[in-house]
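Undergrad: Input: one structure, supplied below.
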Amino acid sequence: MSRKEFMEELENMLENIQKNEREEALQYYNDYFDEAGPENEEQVINELGTPAKVAAIIKTSLQENENESGEFTERGYSDPRFTINYEVIDSTNKGNQDTNSSQNQRTAGRERKYAKETSGGKIALIVILCALAIPVGVPLLGGLIGLFAGVLGLGIGIFVAIVVLALALSIGGVVCFIVGIVTLFSTPTVGVFSCGVGMIMVGIGILFVLLTAVICYKFIPWLIRCIVDLFRAPLKRKETIV
Amino acid sequence: MVFNTGAALLDAIVLAVVSKEVEGTYGYKITQEVREVIEISESTLYPVLRRLQKDDCLEVYDMECGGRNRRYYKVTEKGRIQLNLYITEWDNYSKRITMMFQEGMNNE
């Protein structure tokens, strides 16, 4: 194949692209042959490959450029080297985004766009997941809070009951005992009964006072420690992994 | 060559080759110089040059040479900034990898 044949075939192959793109490409390859010199003509044709291949490369790159201006779908790059390259540029560009944002080069911008879109997609996915979780999550969360409040209320109720019982029994017992002693002089049997009941009440009252003391000094601190440990558990696990 | 040359690295090499000539240089020469460094098909260079030109990293001008017009490529200000970015990035990137390899060798 001669240079003339090569160029003619290339021109035919590039018929369906924009006129200015075709002229640019043809001029480039014409110049290329000129610069290589007639003595290298054959070698250049061998190196370039068939006009079909050259045309295909030009068309592919034009398509990439079109995609670039629109939405970025450069997965059309069949060449794995491009995918590898994105990773490199992505990570490096992130670090330099601040310092170079003003420069805003388009070539780097290309890869940056790609990175933004993937992270944007991830964020969108998370938002969607959250939105989907609302109908299930909100009642579940509400139920859990309700359960927790109920248990807390029950505990407080029992504690208050114990304290009130301790106070009532102690005071009531003492009153009963005094009333018994007073009535002992008028009606001795009723007085003795009243004294006995008063003593029993005071005794039970003292038991409840002791129970209150145990709750205040032992049970509540233990409960608080349990709750704190419960909340700390996930953090602790993280620490061990790190 | 077992390692592939990505689009950005290819851009960087082309910009570096073109920037060597203050007056600019032409397609055939760029291709030959790039091919001294990396294995690349001659037909791959045109789209790269064209893209860099569209991205305003390269500018073209025609110059009379030996009785005919020759298209010259020159690095623009934007291209120079881009090249500097690439050089810094390459420096960091290659250093990290070299360091990693050396650590691996020391452990052998």
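Within each chain, counting starts at residue 1; across the structure tokens, chains are named A, B, ... in the order shown, with ligands numbered 1 upward in that order.
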Taking only C-alpha atoms into account, which residues of chain B are within 9 Å of chain A, as a VMD selection string?
TA: chain B and resid 3 to 9 11 26 to 29 41 to 44 46 to 48 50 to 52 55 to 57 69 to 71 78 to 79 81 to 82 85 89 92 to 93
Undergrad: Restrict the selected residues to C-alpha atoms and save them as a compact mmCIF listing (two decimals), in the first residue's frame.
TA:
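And here's again34.txt as it stands now:
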```txt
# COMPACT_ATOMS: atom_id res chain seq x y z
CA PHE B 3 3.00 -2.15 32.59
CA ASN B 4 0.27 -0.29 30.77
CA THR B 5 0.42 3.40 30.12
CA GLY B 6 -2.79 5.08 31.18
CA ALA B 7 -4.42 8.02 29.45
CA ALA B 8 -3.15 10.51 32.03
CA LEU B 9 0.41 9.21 31.90
CA ASP B 11 -0.93 12.89 28.27
CA TYR B 26 5.62 18.48 15.09
CA GLY B 27 3.62 15.27 15.08
CA TYR B 28 6.16 12.88 13.66
CA LYS B 29 8.89 14.03 16.00
CA SER B 41 1.35 2.33 18.42
CA GLU B 42 1.98 5.31 16.15
CA SER B 43 -1.71 5.62 15.43
CA THR B 44 -2.52 6.20 19.11
CA TYR B 46 -3.03 11.53 17.01
CA PRO B 47 -6.12 11.25 19.23
CA VAL B 48 -4.00 12.20 22.24
CA ARG B 50 -6.08 16.21 19.28
CA ARG B 51 -7.62 15.86 22.72
CA LEU B 52 -4.88 17.88 24.39
CA ASP B 55 -8.49 20.77 26.15
CA ASP B 56 -6.36 23.86 25.50
CA CYS B 57 -3.26 22.14 26.78
CA ASN B 69 3.44 24.10 5.84
CA ARG B 70 4.27 22.12 8.88
CA ARG B 71 1.89 21.90 11.80
CA LYS B 78 -2.81 25.56 30.87
CA GLY B 79 -0.84 22.67 29.47
CA ILE B 81 0.12 23.78 34.70
CA GLN B 82 -1.31 20.40 33.82
CA LEU B 85 0.47 18.60 38.19
CA GLU B 89 1.67 13.28 40.97
CA ASN B 92 4.61 10.88 44.59
CA TYR B 93 3.18 7.85 42.89
```
Undergrad: Write out as a list in words all residues of range 36-76 of chain B that backbone DSSP assigns to strand (DSSP E).
TA: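 Listing strand (DSSP E) positions across range 36-76 of chain B yields Leu58, Glu59, Val60, Tyr61, Asp62, Met63, Glu64, Cys65, Arg68, Asn69, Arg70, Arg71, Tyr72, Tyr73, Lys74 and Val75 of chain B.
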Undergrad: Using only C-alpha atoms, find the one residue out of B:Leu10, B:Met99, B:Leu49, B:Glu33 that sits nearest to Tyr86 in chain B.
TA: B:Leu10
Undergrad: What gap, in Å, lies between CA of Asp229 in chain A and CA of Leu210 in chain A?
TA: 27.8 Å
Undergrad: Hey, can you check how far CA of Val34 in chain B sits from CA of Glu15 in chain A?
TA: 29.3 Å
Undergrad: Considering only helix (DSSP H, G or I) as DSSP defines it on the backbone, what residues of range 20-50 of chain B qualify? List them as a ChimeraX atom specification.
TA: /B:20,27-37,42-50
Undergrad: Please, what distance in Å, to one decimal, runs between CA of Lys54 in chain B and CA of Ala16 in chain B?
TA: 17.4 Å
Undergrad: Extract, using only C-alpha atoms, all DNA, RNA and protein residues at most 10 Å from Gly172 in chain A, discarding same-chain residues fewer than 3 positions from it, and format them as JSON, numbers by chain.
TA: {"A": [165, 166, 167, 168, 169, 175, 176, 177, 178, 197, 198, 199, 201, 202, 205]}
Undergrad: Could the residues in this selection be written to a file with C-alpha atoms, as an mmCIF file, in the first residue's frame?
TA:
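Writing the result to again-v1.cif gives the following:
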```cif
data_model
loop_
_atom_site.group_PDB
_atom_site.id
_atom_site.type_symbol
_atom_site.label_atom_id
_atom_site.label_comp_id
_atom_site.auth_asym_id
_atom_site.auth_seq_id
_atom_site.Cartn_x
_atom_site.Cartn_y
_atom_site.Cartn_z
ATOM 1 C CA LEU A 165 -43.584 1.102 102.205
ATOM 2 C CA ALA A 166 -40.452 1.451 104.341
ATOM 3 C CA LEU A 167 -41.479 4.909 105.527
ATOM 4 C CA ALA A 168 -45.169 4.043 106.016
ATOM 5 C CA LEU A 169 -44.479 0.819 107.875
ATOM 6 C CA VAL A 175 -47.635 5.226 115.870
ATOM 7 C CA CYS A 176 -49.316 1.837 116.440
ATOM 8 C CA PHE A 177 -46.849 1.056 119.257
ATOM 9 C CA ILE A 178 -47.434 4.431 120.972
ATOM 10 C CA VAL A 197 -48.836 -5.033 115.458
ATOM 11 C CA GLY A 198 -46.766 -1.840 115.811
ATOM 12 C CA MET A 199 -43.600 -3.856 116.474
ATOM 13 C CA MET A 201 -44.821 -3.117 111.265
ATOM 14 C CA VAL A 202 -41.635 -1.475 112.480
ATOM 15 C CA GLY A 205 -40.452 -1.343 107.854
#
```
